[in-house]
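What follows is the content of run_30.txt (compact mmCIF, C-alpha atoms and all ligand atoms).
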# COMPACT_ATOMS: atom_id res chain seq x y z
CA MET A 19 0.00 0.00 0.00
CA THR A 20 1.34 3.48 -0.84
CA ARG A 21 1.77 6.08 1.84
CA ASP A 22 -0.97 8.73 2.07
CA PRO A 23 0.83 11.94 0.92
CA THR A 24 -1.56 14.05 3.00
CA ALA A 25 -1.07 12.18 6.29
CA PHE A 26 0.77 15.20 7.73
CA LEU A 27 -2.46 17.24 7.66
CA LYS A 28 -3.98 15.11 10.40
CA SER A 29 -0.82 14.54 12.41
CA GLU A 30 0.21 18.21 12.45
CA TYR A 31 -3.30 19.30 13.32
CA GLU A 32 -3.42 16.79 16.17
CA GLU A 33 -0.10 18.11 17.43
CA LEU A 34 -1.58 21.63 17.58
CA VAL A 35 -4.58 20.30 19.50
CA LYS A 36 -2.28 18.51 21.93
CA GLN A 37 -0.43 21.76 22.66
CA ALA A 38 -3.72 23.71 22.86
CA LEU A 39 -2.46 25.94 20.01
CA ASP A 40 -5.33 25.18 17.63
CA TRP A 41 -8.00 27.75 16.80
CA ARG A 42 -11.48 26.76 17.92
CA LEU A 43 -13.69 28.90 15.76
CA ARG A 44 -16.68 30.58 17.30
CA GLU A 45 -19.66 31.46 15.14
CA LEU A 46 -21.08 34.98 15.06
CA GLN A 47 -24.77 34.63 14.24
CA GLY A 48 -25.81 38.06 13.02
CA PRO A 49 -24.06 41.43 12.88
CA SER A 50 -20.94 42.41 14.80
CA SER A 51 -22.68 44.55 17.41
CA PRO A 52 -22.08 45.42 21.09
CA ARG A 53 -24.49 42.67 22.13
CA ALA A 54 -23.97 39.89 19.64
CA ILE A 55 -25.09 36.29 19.28
CA VAL A 56 -22.08 33.97 19.39
CA ASP A 57 -22.58 30.19 19.32
CA GLY A 58 -26.23 30.73 20.18
CA LYS A 59 -25.59 32.89 23.23
CA GLU A 60 -26.05 36.66 23.66
CA VAL A 61 -22.76 38.18 24.74
CA ILE A 62 -21.17 41.58 25.23
CA MET A 63 -18.67 41.86 22.39
CA LEU A 64 -15.21 42.86 23.62
CA CYS A 65 -13.00 41.40 20.90
CA SER A 66 -14.17 42.87 17.63
CA ASN A 67 -12.05 45.34 15.63
CA ASN A 68 -15.27 47.11 14.69
CA TYR A 69 -14.33 49.90 17.14
CA LEU A 70 -17.03 52.35 16.05
CA GLY A 71 -19.80 49.91 15.18
CA LEU A 72 -19.63 51.04 11.54
CA SER A 73 -19.94 47.49 10.13
CA ASN A 74 -23.64 47.60 10.99
CA HIS A 75 -24.29 51.33 10.51
CA PRO A 76 -27.45 52.05 8.46
CA LYS A 77 -25.64 54.55 6.21
CA LEU A 78 -22.96 52.03 5.26
CA LYS A 79 -25.54 49.33 4.65
CA GLN A 80 -27.61 51.67 2.46
CA ALA A 81 -24.53 52.77 0.50
CA ALA A 82 -23.67 49.12 -0.15
CA ILE A 83 -27.22 48.30 -1.30
CA ASP A 84 -27.33 51.35 -3.58
CA ALA A 85 -23.97 50.41 -5.11
CA ILE A 86 -25.16 46.88 -5.85
CA LYS A 87 -28.19 48.35 -7.63
CA SER A 88 -26.09 50.78 -9.68
CA HIS A 89 -22.88 48.76 -10.23
CA GLY A 90 -23.59 45.08 -9.47
CA VAL A 91 -21.87 42.76 -7.00
CA GLY A 92 -18.48 42.38 -8.70
CA SER A 93 -16.03 44.55 -10.63
CA GLY A 94 -15.34 42.03 -13.37
CA SER A 95 -11.56 42.35 -13.41
CA VAL A 96 -8.36 43.51 -11.82
CA ARG A 97 -8.05 47.28 -11.70
CA PRO A 98 -5.34 47.70 -14.38
CA ILE A 99 -7.56 45.95 -16.94
CA ALA A 100 -11.32 46.50 -16.72
CA GLY A 101 -12.04 46.59 -12.99
CA ASN A 102 -11.16 50.20 -12.12
CA MET A 103 -14.57 51.61 -11.25
CA ASP A 104 -15.50 55.22 -10.54
CA LEU A 105 -16.28 54.09 -6.96
CA HIS A 106 -12.68 52.92 -6.43
CA GLU A 107 -11.31 56.24 -7.69
CA GLU A 108 -13.77 58.21 -5.58
CA LEU A 109 -12.83 56.25 -2.46
CA GLU A 110 -9.14 56.99 -3.03
CA ARG A 111 -9.76 60.71 -3.53
CA ARG A 112 -11.90 60.83 -0.38
CA LEU A 113 -9.36 58.89 1.66
CA ALA A 114 -6.44 61.10 0.55
CA LYS A 115 -8.43 64.20 1.52
CA PHE A 116 -9.34 62.65 4.90
CA LYS A 117 -5.70 61.77 5.56
CA GLY A 118 -4.34 65.10 4.34
CA ALA A 119 -2.19 63.29 1.79
CA GLU A 120 -1.57 63.99 -1.89
CA ALA A 121 -2.84 60.57 -2.88
CA SER A 122 -4.08 57.21 -1.64
CA LEU A 123 -4.32 53.75 -3.13
CA VAL A 124 -6.67 50.97 -2.05
CA TYR A 125 -5.60 47.31 -1.98
CA GLN A 126 -7.86 44.29 -1.48
CA THR A 127 -6.68 43.94 2.13
CA GLY A 128 -4.12 45.39 4.49
CA PHE A 129 -2.22 42.13 4.25
CA ALA A 130 -2.09 42.51 0.46
CA ALA A 131 -0.82 46.09 0.83
CA ASN A 132 2.09 45.04 3.06
CA ALA A 133 2.90 41.90 1.10
CA GLY A 134 2.69 43.76 -2.23
CA LEU A 135 4.38 47.06 -1.51
CA ILE A 136 7.20 46.38 0.98
CA PRO A 137 9.19 44.13 -1.40
CA GLN A 138 9.01 46.85 -4.08
CA LEU A 139 10.28 49.66 -1.85
CA VAL A 140 13.52 47.87 -0.97
CA GLY A 141 15.63 45.15 -2.58
CA LYS A 142 19.20 44.05 -3.04
CA GLY A 143 21.68 46.57 -1.60
CA ASP A 144 19.04 48.09 0.70
CA LEU A 145 18.26 47.75 4.40
CA ILE A 146 14.90 47.34 6.10
CA ILE A 147 14.63 48.07 9.82
CA SER A 148 11.61 46.75 11.78
CA ASP A 149 10.24 47.05 15.29
CA GLU A 150 10.61 43.58 16.83
CA LEU A 151 6.86 43.29 17.47
CA ASN A 152 5.60 44.19 14.00
CA HIS A 153 2.48 42.49 12.63
CA GLY A 154 2.74 39.21 10.71
CA SER A 155 1.73 40.82 7.41
CA ILE A 156 4.75 43.15 7.68
CA ILE A 157 6.96 40.17 8.50
CA ASP A 158 5.71 38.36 5.40
CA GLY A 159 6.24 41.49 3.28
CA VAL A 160 9.79 41.74 4.61
CA ARG A 161 10.43 38.08 3.82
CA LEU A 162 9.68 38.82 0.16
CA THR A 163 12.42 41.44 -0.15
CA ARG A 164 16.04 40.76 -1.03
CA ALA A 165 17.03 43.63 1.24
CA GLU A 166 19.08 43.06 4.37
CA ARG A 167 17.10 43.11 7.58
CA ALA A 168 17.60 44.51 11.04
CA ILE A 169 15.30 44.87 14.02
CA PHE A 170 15.18 47.39 16.85
CA LYS A 171 13.80 46.73 20.31
CA HIS A 172 10.11 47.37 20.70
CA THR A 173 9.38 51.15 20.48
CA ASP A 174 12.99 51.79 21.56
CA VAL A 175 14.20 54.87 19.66
CA PRO A 176 17.79 54.83 21.03
CA ASP A 177 18.04 51.23 19.86
CA LEU A 178 16.82 52.34 16.43
CA GLY A 179 19.62 54.93 16.56
CA ARG A 180 22.12 52.18 17.26
CA VAL A 181 20.90 50.19 14.22
CA LEU A 182 21.07 53.30 12.01
CA ASP A 183 24.62 54.10 13.18
CA GLU A 184 25.72 50.57 12.38
CA ALA A 185 24.06 50.85 8.98
CA LYS A 186 26.08 53.97 8.23
CA LYS A 187 29.30 51.97 8.57
CA HIS A 188 28.15 49.28 6.15
CA LYS A 189 30.28 48.81 3.02
CA PRO A 190 29.19 49.17 0.33
CA ALA A 191 26.80 51.87 1.57
CA TYR A 192 23.14 50.90 1.54
CA ASN A 193 21.27 52.40 -1.34
CA ARG A 194 17.95 52.85 0.52
CA ILE A 195 16.89 52.37 4.12
CA LEU A 196 13.26 51.69 5.08
CA ILE A 197 12.07 51.88 8.69
CA ILE A 198 8.80 50.09 9.27
CA THR A 199 6.60 49.95 12.34
CA ASP A 200 3.07 49.24 13.47
CA GLY A 201 1.32 52.43 14.60
CA VAL A 202 -0.71 50.85 17.41
CA PHE A 203 0.57 47.44 18.52
CA SER A 204 -2.29 44.99 18.56
CA MET A 205 -1.21 42.81 21.50
CA ASP A 206 -0.40 45.61 23.98
CA GLY A 207 -2.30 48.64 22.70
CA ASP A 208 0.75 50.87 22.90
CA ILE A 209 1.63 53.51 20.31
CA ALA A 210 4.83 53.70 18.23
CA PRO A 211 6.78 56.90 19.08
CA LEU A 212 6.49 58.01 15.48
CA ASP A 213 7.57 61.61 16.08
CA GLN A 214 10.83 60.45 17.65
CA ILE A 215 11.33 57.81 14.97
CA VAL A 216 11.04 60.57 12.35
CA LYS A 217 13.56 62.75 14.21
CA MET A 218 16.03 59.91 14.66
CA SER A 219 15.87 58.77 11.06
CA ASN A 220 15.90 62.15 9.28
CA PRO A 221 19.70 62.63 9.25
CA HIS A 222 20.02 59.12 7.79
CA GLY A 223 17.69 59.83 4.88
CA ALA A 224 15.57 56.77 5.66
CA MET A 225 12.03 56.19 4.37
CA ILE A 226 9.37 55.67 7.02
CA TYR A 227 6.44 53.28 6.66
CA VAL A 228 3.79 53.02 9.38
CA ASP A 229 1.07 50.35 9.52
CA ASP A 230 -1.78 52.11 11.28
CA ALA A 231 -4.36 49.32 11.09
CA HIS A 232 -5.42 49.78 14.73
CA GLY A 233 -4.92 53.55 14.85
CA GLU A 234 -7.24 54.58 12.08
CA ALA A 235 -10.60 56.03 13.00
CA VAL A 236 -9.22 55.82 16.56
CA LEU A 237 -6.21 58.16 16.88
CA GLY A 238 -5.70 61.68 15.60
CA LYS A 239 -8.05 64.51 14.74
CA GLY A 240 -11.49 62.98 14.07
CA GLY A 241 -9.87 59.55 13.72
CA ARG A 242 -7.45 60.60 10.97
CA GLY A 243 -4.82 58.22 12.34
CA ILE A 244 -1.31 58.23 13.73
CA VAL A 245 0.23 60.76 11.34
CA SER A 246 -2.39 63.29 12.47
CA HIS A 247 -2.01 62.16 16.12
CA PHE A 248 1.64 63.29 16.13
CA ASN A 249 0.98 66.38 13.94
CA LEU A 250 3.24 64.94 11.26
CA THR A 251 2.80 65.08 7.48
CA HIS A 252 3.44 62.68 4.62
CA ARG A 253 6.77 64.41 4.03
CA ASP A 254 7.82 62.99 7.42
CA VAL A 255 6.05 59.63 7.16
CA HIS A 256 6.37 58.47 3.58
CA VAL A 257 3.92 55.57 3.63
CA GLU A 258 0.88 55.61 5.91
CA MET A 259 -0.69 52.20 5.49
CA GLY A 260 -4.01 51.09 6.95
CA THR A 261 -7.09 48.96 6.56
CA PHE A 262 -10.83 49.36 6.15
CA SER A 263 -11.35 46.03 7.95
CA LYS A 264 -11.08 47.38 11.48
CA ALA A 265 -12.63 50.64 12.71
CA PHE A 266 -13.92 51.47 9.21
CA GLY A 267 -16.08 48.36 9.52
CA VAL A 268 -15.71 47.01 5.98
CA VAL A 269 -12.63 45.47 4.31
CA GLY A 270 -9.64 46.63 2.26
CA GLY A 271 -6.10 47.88 2.71
CA HIS A 272 -4.76 51.26 1.73
CA ILE A 273 -1.72 53.50 1.58
CA SER A 274 -1.49 57.29 1.67
CA GLY A 275 1.42 59.54 0.78
CA SER A 276 2.71 61.34 -2.30
CA GLU A 277 1.25 61.16 -5.80
CA TYR A 278 4.39 59.29 -6.90
CA LEU A 279 3.98 56.77 -4.08
CA ARG A 280 0.55 55.94 -5.49
CA LYS A 281 1.74 55.68 -9.09
CA PHE A 282 4.77 53.62 -8.10
CA ALA A 283 2.70 51.33 -5.88
CA TYR A 284 0.02 50.45 -8.43
CA ASN A 285 2.54 49.85 -11.17
CA LYS A 286 4.71 47.58 -9.03
CA SER A 287 2.65 45.76 -6.36
CA ARG A 288 1.88 42.30 -7.62
CA THR A 289 -0.90 41.79 -5.07
CA TRP A 290 -2.61 44.87 -6.54
CA LEU A 291 -1.98 44.11 -10.21
CA LEU A 292 -2.91 40.44 -10.16
CA SER A 293 -5.93 40.24 -7.87
CA GLY A 294 -9.52 41.29 -8.54
CA SER A 295 -10.69 44.68 -7.31
CA HIS A 296 -13.25 45.24 -4.57
CA PRO A 297 -16.93 44.64 -5.22
CA PRO A 298 -18.82 47.94 -5.65
CA PRO A 299 -20.68 47.65 -2.29
CA VAL A 300 -17.33 47.43 -0.48
CA ALA A 301 -16.00 50.63 -2.05
CA ALA A 302 -19.32 52.43 -1.50
CA ALA A 303 -19.52 51.38 2.16
CA CYS A 304 -15.94 52.60 2.73
CA ILE A 305 -16.86 56.00 1.23
CA ALA A 306 -19.87 56.13 3.58
CA ALA A 307 -17.56 55.34 6.53
CA ILE A 308 -15.41 58.37 5.64
CA ASP A 309 -18.60 60.48 5.41
CA ILE A 310 -19.51 59.40 8.92
CA LEU A 311 -16.08 60.11 10.36
CA GLU A 312 -16.17 63.57 8.80
CA THR A 313 -19.67 64.44 10.02
CA GLU A 314 -20.32 62.42 13.23
CA PRO A 315 -17.43 62.98 15.65
CA LYS A 316 -19.40 61.31 18.48
CA HIS A 317 -18.29 57.80 17.50
CA VAL A 318 -14.58 58.41 18.08
CA GLU A 319 -15.36 60.52 21.18
CA ASN A 320 -17.49 57.74 22.69
CA LEU A 321 -14.83 55.17 21.97
CA TRP A 322 -12.31 57.10 24.07
CA LYS A 323 -14.86 57.82 26.82
CA ASN A 324 -15.69 54.12 27.04
CA ARG A 325 -12.02 53.24 27.00
CA GLU A 326 -11.22 55.60 29.89
CA TYR A 327 -14.14 54.34 31.96
CA PHE A 328 -13.34 50.68 31.41
CA ILE A 329 -9.60 50.87 32.02
CA LYS A 330 -10.01 52.99 35.16
CA SER A 331 -12.58 50.57 36.61
CA MET A 332 -10.39 47.58 35.82
CA GLN A 333 -7.36 49.22 37.44
CA ASP A 334 -9.49 50.11 40.50
CA PHE A 335 -10.25 46.39 40.89
CA GLY A 336 -6.53 45.67 40.80
CA PHE A 337 -6.18 44.35 37.25
CA ASN A 338 -2.92 45.02 35.43
CA THR A 339 -3.69 46.59 32.04
CA GLY A 340 -0.13 46.53 30.78
CA MET A 341 1.12 49.24 28.43
CA SER A 342 -2.24 50.17 26.93
CA GLU A 343 -2.55 53.73 25.61
CA THR A 344 -5.44 53.03 23.24
CA PRO A 345 -8.80 51.19 23.08
CA ILE A 346 -6.85 47.92 22.95
CA ILE A 347 -6.66 46.90 26.61
CA PRO A 348 -4.70 43.79 27.63
CA VAL A 349 -5.88 42.40 30.96
CA MET A 350 -2.76 40.61 32.13
CA ILE A 351 -3.32 37.09 33.49
CA GLY A 352 0.08 35.36 33.38
CA GLU A 353 -0.08 31.67 32.50
CA SER A 354 -1.69 30.48 29.25
CA ASP A 355 -3.95 27.97 31.03
CA ASP A 356 -5.33 30.65 33.34
CA ALA A 357 -6.00 32.99 30.43
CA GLN A 358 -7.85 30.21 28.57
CA LYS A 359 -9.92 29.44 31.68
CA PHE A 360 -10.59 33.13 32.24
CA SER A 361 -11.96 33.54 28.72
CA VAL A 362 -14.20 30.45 29.00
CA ARG A 363 -15.61 31.68 32.31
CA LEU A 364 -16.19 35.18 30.89
CA PHE A 365 -18.11 33.66 28.02
CA GLU A 366 -20.31 31.77 30.49
CA GLU A 367 -20.90 35.09 32.23
CA GLY A 368 -21.95 36.64 28.90
CA VAL A 369 -18.75 38.44 27.93
CA PHE A 370 -16.84 37.62 24.75
CA ALA A 371 -13.12 38.42 25.03
CA LEU A 372 -10.32 36.20 23.79
CA PRO A 373 -7.15 35.02 25.46
CA ILE A 374 -3.84 35.91 23.81
CA VAL A 375 -1.27 33.30 24.72
CA TYR A 376 2.17 32.00 23.73
CA PRO A 377 3.40 32.06 20.94
CA MET A 378 1.49 35.28 20.14
CA VAL A 379 3.00 36.83 23.29
CA ALA A 380 5.91 35.74 25.49
CA ARG A 381 5.41 32.88 27.99
CA GLY A 382 4.02 34.10 31.31
CA GLN A 383 2.51 37.15 29.57
CA ALA A 384 -0.83 35.60 28.65
CA ARG A 385 -3.69 38.04 28.73
CA ILE A 386 -7.30 38.65 27.89
CA ARG A 387 -7.33 41.25 25.17
CA VAL A 388 -10.23 43.67 25.35
CA ILE A 389 -11.00 45.83 22.35
CA MET A 390 -13.20 48.72 23.38
CA ASN A 391 -16.19 49.80 21.32
CA SER A 392 -17.93 53.16 20.96
CA ALA A 393 -21.39 51.60 20.84
CA LEU A 394 -21.24 49.88 24.25
CA THR A 395 -23.61 51.49 26.77
CA MET A 396 -22.77 52.21 30.42
CA GLU A 397 -24.93 49.21 31.30
CA ASP A 398 -22.92 46.96 28.94
CA LEU A 399 -19.66 48.26 30.37
CA ASN A 400 -20.76 47.77 33.96
CA SER A 401 -21.97 44.22 33.24
CA ALA A 402 -18.64 43.42 31.59
CA ILE A 403 -16.64 44.89 34.47
CA THR A 404 -18.73 42.92 37.01
CA ALA A 405 -18.02 39.71 35.10
CA PHE A 406 -14.28 40.46 35.06
CA GLU A 407 -14.35 41.13 38.80
CA LYS A 408 -16.22 37.89 39.52
CA VAL A 409 -13.95 35.71 37.37
CA GLY A 410 -10.82 37.58 38.50
CA LYS A 411 -11.59 36.74 42.14
CA GLU A 412 -12.56 33.17 41.30
CA LEU A 413 -9.21 32.56 39.57
CA ASN A 414 -7.17 34.56 42.12
CA ILE A 415 -6.04 37.13 39.59
CA ILE A 416 -7.19 40.03 41.79
C1 LIG B 1 -5.25 43.68 10.88
C2 LIG B 1 -3.91 44.14 10.51
C3 LIG B 1 -3.44 44.04 9.21
C4 LIG B 1 -4.21 43.33 8.12
O1 LIG B 1 -5.27 44.10 7.64
P1 LIG B 1 -6.39 43.40 6.77
O2 LIG B 1 -6.96 44.53 5.98
O3 LIG B 1 -7.39 42.81 7.70
O4 LIG B 1 -5.73 42.39 5.90
C5 LIG B 1 -2.20 44.55 8.91
N1 LIG B 1 -1.45 45.13 9.87
C6 LIG B 1 -1.87 45.24 11.14
C7 LIG B 1 -1.00 45.90 12.16
C8 LIG B 1 -3.11 44.73 11.51
O5 LIG B 1 -3.51 44.82 12.77
Show me this structure written as C-alpha cells.
Amino acid sequence: MTRDPTAFLKSEYEELVKQALDWRLRELQGPSSPRAIVDGKEVIMLCSNNYLGLSNHPKLKQAAIDAIKSHGVGSGSVRPIAGNMDLHEELERRLAKFKGAEASLVYQTGFAANAGLIPQLVGKGDLIISDELNHGSIIDGVRLTRAERAIFKHTDVPDLGRVLDEAKKHKPAYNRILIITDGVFSMDGDIAPLDQIVKMSNPHGAMIYVDDAHGEAVLGKGGRGIVSHFNLTHRDVHVEMGTFSKAFGVVGGHISGSEYLRKFAYNKSRTWLLSGSHPPPVAAACIAAIDILETEPKHVENLWKNREYFIKSMQDFGFNTGMSETPIIPVMIGESDDAQKFSVRLFEEGVFALPIVYPMVARGQARIRVIMNSALTMEDLNSAITAFEKVGKELNII
C-alpha cells in the first residue's frame, strides 16, 4: 500500500490540539454589534475590531445596497484591466483628503498592501529596519524582499539609533533604508513613538512606513490616524498604510502619501496588479464610513470615553492593564492555562473576550485582550466589568 501523501495534515493538526495551540472557531450569528449572538448565546462583544460599530451602521448598509443596484456585486476584473470603477477612484480621492495626503491607493486587504508594496520599496543593496513586534503581514512582506534586515527593540528609539549608526558603517553603503513599524501594537495597545522615529531617522535619509491598522478612526483629529495624532505630514512619514477592515467596519487595505507613491505602488505591487478589485458595495460602504467620520465625531469621542471608563474601573479592581494607551486593553493574566480558563468563564458570564497566549506573546505574559467599542452602553460596560471582577476573584487574579 502506498503512503498517504496528506497524512501530515492530520498529524500536524493533532499536534496543535495537543499543545492547545489550535484555533477553535466561534460562530457569530448576526451582525458584529455590542451585544452579539455567538454560538447561540447573547454576549457583550469585547473582541471585535469594529471599534465604532460602523460594520452595521445604516448609512454604510444603504450605500452598499445602492452600489449593488447601480454597479452590481463584482467589478469584473483587476483594476489595471477593466475593474477600475469610478467608486474605487472616488474612495481613493476621499481617503487622501481625509488623511491630508496627496494621494491614496486601495488594496484588497491590508495584508495585500504590506505583502505587495514592501518588497518593491527595498531590494538588493538596501536595508529594512523593523520594530521587533511588528504584525505578521509586515513580516511576510519583509520576507519577500532581497534587502538586508535589522530589528530594533520594541518602540525603543535609542536602539533604532544604534541600528542606524551601524548601517552607516556598512560597506558598500546601503542604497535605501526603510524603517517600518506598526502604529498601534495589537497585542499591547501601545503607540509607536512616530515623532521620535522621524527625528532619529531624518539625518540618515531613511524612508518611514507606518502600519496604522489599529490607529485609524481611533487616533488623531477625528480619527485621521497616527500621522495626524503626532501632527506629522506625509513628508515625514512616507507611507501611511491602513485597513478598512477594522474601525472602518468594511474590508480593504490602503496607503497614503505622495502622488508618486501611489503611481509607483500600483505599477509595481503584484498583489494589486494580479488580484480582482473590490466589489462595488465594499467601495461604496468605505466611502460612507469616511462620510460618517467627517460628520459624526461622536463615534470616536465615545470610543475614548468608554475606554477611559473601562480601564479605570479595571485598574481600580486591581487588574494590570499593561502598556495600553489606546482602546486595545490587555488584561494581564500570566499563564496560558489561566487565560484560557478566564476567557471560557467570561463567556459563560456573557462576555466575549479572547485570550492571547504563547506564541502570540511571550510565555508568562498571557492576557485577555479587550477591544473597546464606541457603541457599548454604560450598562454593557458595567456588566462586563462585574463579570471580570467575579472571574478575577474566582481565579485569584485580583
Ligand atoms: C489587521 C492588521 C493588518 C491586516 O489588515 P487586513 O486589511 O485585515 O488584511 C495589517 N497590519 C496590522 C498591524 C493589523 O492589525
Original post:
Could you pull the residues within 8 Å of stretch 119-134 of chain A, counting only C-alpha atoms, minus those fewer than 6 positions along the same chain, as a VMD selection string?
Top reply: chain A and resid 106 110 to 111 113 155 to 156 158 to 160 162 231 251 to 252 259 to 263 269 to 277 279 to 280 283 to 284 287 to 290 293 to 296
Atom CA of A:Val61 sits from atom CA of A:Ile329 at a separation of 19.7 Å
Smallest atom-to-atom distance to A:Glu60: which of A:Pro348, A:Gly94, A:Gly48, A:Gly240, using all atoms listed in the file?
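Looking only at the distances to A:Glu60, the closest residue turns out to be A:Gly48.
If you count all atoms listed in the file and ignore residues fewer than 2 places along the chain from A:Leu46, what sits within 12 Å of it is A:Leu43, A:Arg44, A:Gly48, A:Pro49, A:Ser50, A:Ser51, A:Arg53, A:Ala54, A:Ile55, A:Val56, A:Asp57, A:Gly58, A:Lys59, A:Glu60, A:Val61, A:Met63, A:Cys65, A:Ser66, A:Phe370.
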Produce a file of the selected residues containing C-alpha atoms, as a JSON list (two decimals), in the frame of the given file.
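Just written: part-v4.json:
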[["chain", "number", "residue", "atom", "x", "y", "z"],
["A", 43, "LEU", "CA", -13.69, 28.90, 15.76],
["A", 44, "ARG", "CA", -16.68, 30.58, 17.30],
["A", 48, "GLY", "CA", -25.81, 38.06, 13.02],
["A", 49, "PRO", "CA", -24.06, 41.43, 12.88],
["A", 50, "SER", "CA", -20.94, 42.41, 14.80],
["A", 51, "SER", "CA", -22.68, 44.55, 17.41],
["A", 53, "ARG", "CA", -24.49, 42.67, 22.13],
["A", 54, "ALA", "CA", -23.97, 39.89, 19.64],
["A", 55, "ILE", "CA", -25.09, 36.29, 19.28],
["A", 56, "VAL", "CA", -22.08, 33.97, 19.39],
["A", 57, "ASP", "CA", -22.58, 30.19, 19.32],
["A", 58, "GLY", "CA", -26.23, 30.73, 20.18],
["A", 59, "LYS", "CA", -25.59, 32.89, 23.23],
["A", 60, "GLU", "CA", -26.05, 36.66, 23.66],
["A", 61, "VAL", "CA", -22.76, 38.18, 24.74],
["A", 63, "MET", "CA", -18.67, 41.86, 22.39],
["A", 65, "CYS", "CA", -13.00, 41.40, 20.90],
["A", 66, "SER", "CA", -14.17, 42.87, 17.63],
["A", 370, "PHE", "CA", -16.84, 37.62, 24.75]]
Across A:Val175, A:Ile209, A:Val300, A:Leu109, the smallest distance to A:Ile86, with all atoms listed in the file counted, is shown by A:Val300
One decimal place gives the atom CA of A:Asp254-atom CA of A:Leu145 separation as 18.7 Å
Check your understanding: What is the distance between atom C5 of ligand LIG 1 (chain B) and atom CA of A:His153, in Å to one decimal?
Key ->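 That distance, rounded to one decimal, is 6.3 Å.
Contact shell of stretch 222-229 of chain A at 7 Å (only C-alpha atoms; same-chain neighbours under 4 positions omitted): A:Arg194, A:Ile195, A:Leu196, A:Ile197, A:Ile198, A:Thr199, A:Asp200, A:Gly201, A:Val255, A:His256, A:Val257, A:Glu258, A:Met259, A:Gly260.
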| query | So which residues touch A:His247 within 7 Å, counting all atoms listed in the file, skipping near sequence neighbours fewer than 6 positions away, as a list of chain:residue names? | reply | A:Leu237, A:Gly238, A:Lys239
For the selection just defined, write its residues with C-alpha atoms to a file, as a compact mmCIF listing (two decimals), in the coordinates of the input.
# COMPACT_ATOMS: atom_id res chain seq x y z
CA LEU A 237 -6.21 58.16 16.88
CA GLY A 238 -5.70 61.68 15.60
CA LYS A 239 -8.05 64.51 14.74
Determine the axis-aligned bounding box of all atoms of stretch 291-308 of chain A present in the file, pad each side by 4 Å, and express its centre and edge lengths in Å to one decimal place as JSON.
{"center_x": -11.3, "center_y": 49.3, "center_z": -1.8, "size_x": 26.7, "size_y": 26.1, "size_z": 24.7}
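Using only C-alpha atoms, the set of residues no farther than 8 Å from the position (14.4, 48.4, 17.4) comprises Ile147, Ser148, Asp149, Glu150, Ile169, Phe170, Lys171, His172, Thr173, Asp174, Val175, Asp177, Leu178 and Val181 of chain A.
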Of A:Ile62, A:Val318, A:Ala165, A:Met332, the one nearest to A:Glu367 when counting only C-alpha atoms is A:Ile62
- Query: Can you tell me, as a PyMOL selection string, what residues are no more than 12 Å from A:Asp84 when counting all atoms listed in the file, ignoring any on the same chain fewer than 2 positions away?
  - Reply: chain A and resi 77-82+86-91+105+298-303+306
Of A:Ile157, A:Ile310, A:Ile146, A:Met378, the one sitting nearest ligand LIG 1 (chain B) when using only C-alpha atoms and all ligand atoms is A:Ile157
Between A:Glu234, A:Glu366, A:Asp22, A:Glu30, smallest distance to ligand LIG 1 (chain B) by all atoms listed in the file belongs to A:Glu234
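Closest approach to ligand LIG 1 (chain B) from the set A:Asn338, A:Asn67, A:Asn220, A:Asn74 is made by A:Asn67, with distances taken over all atoms listed in the file.
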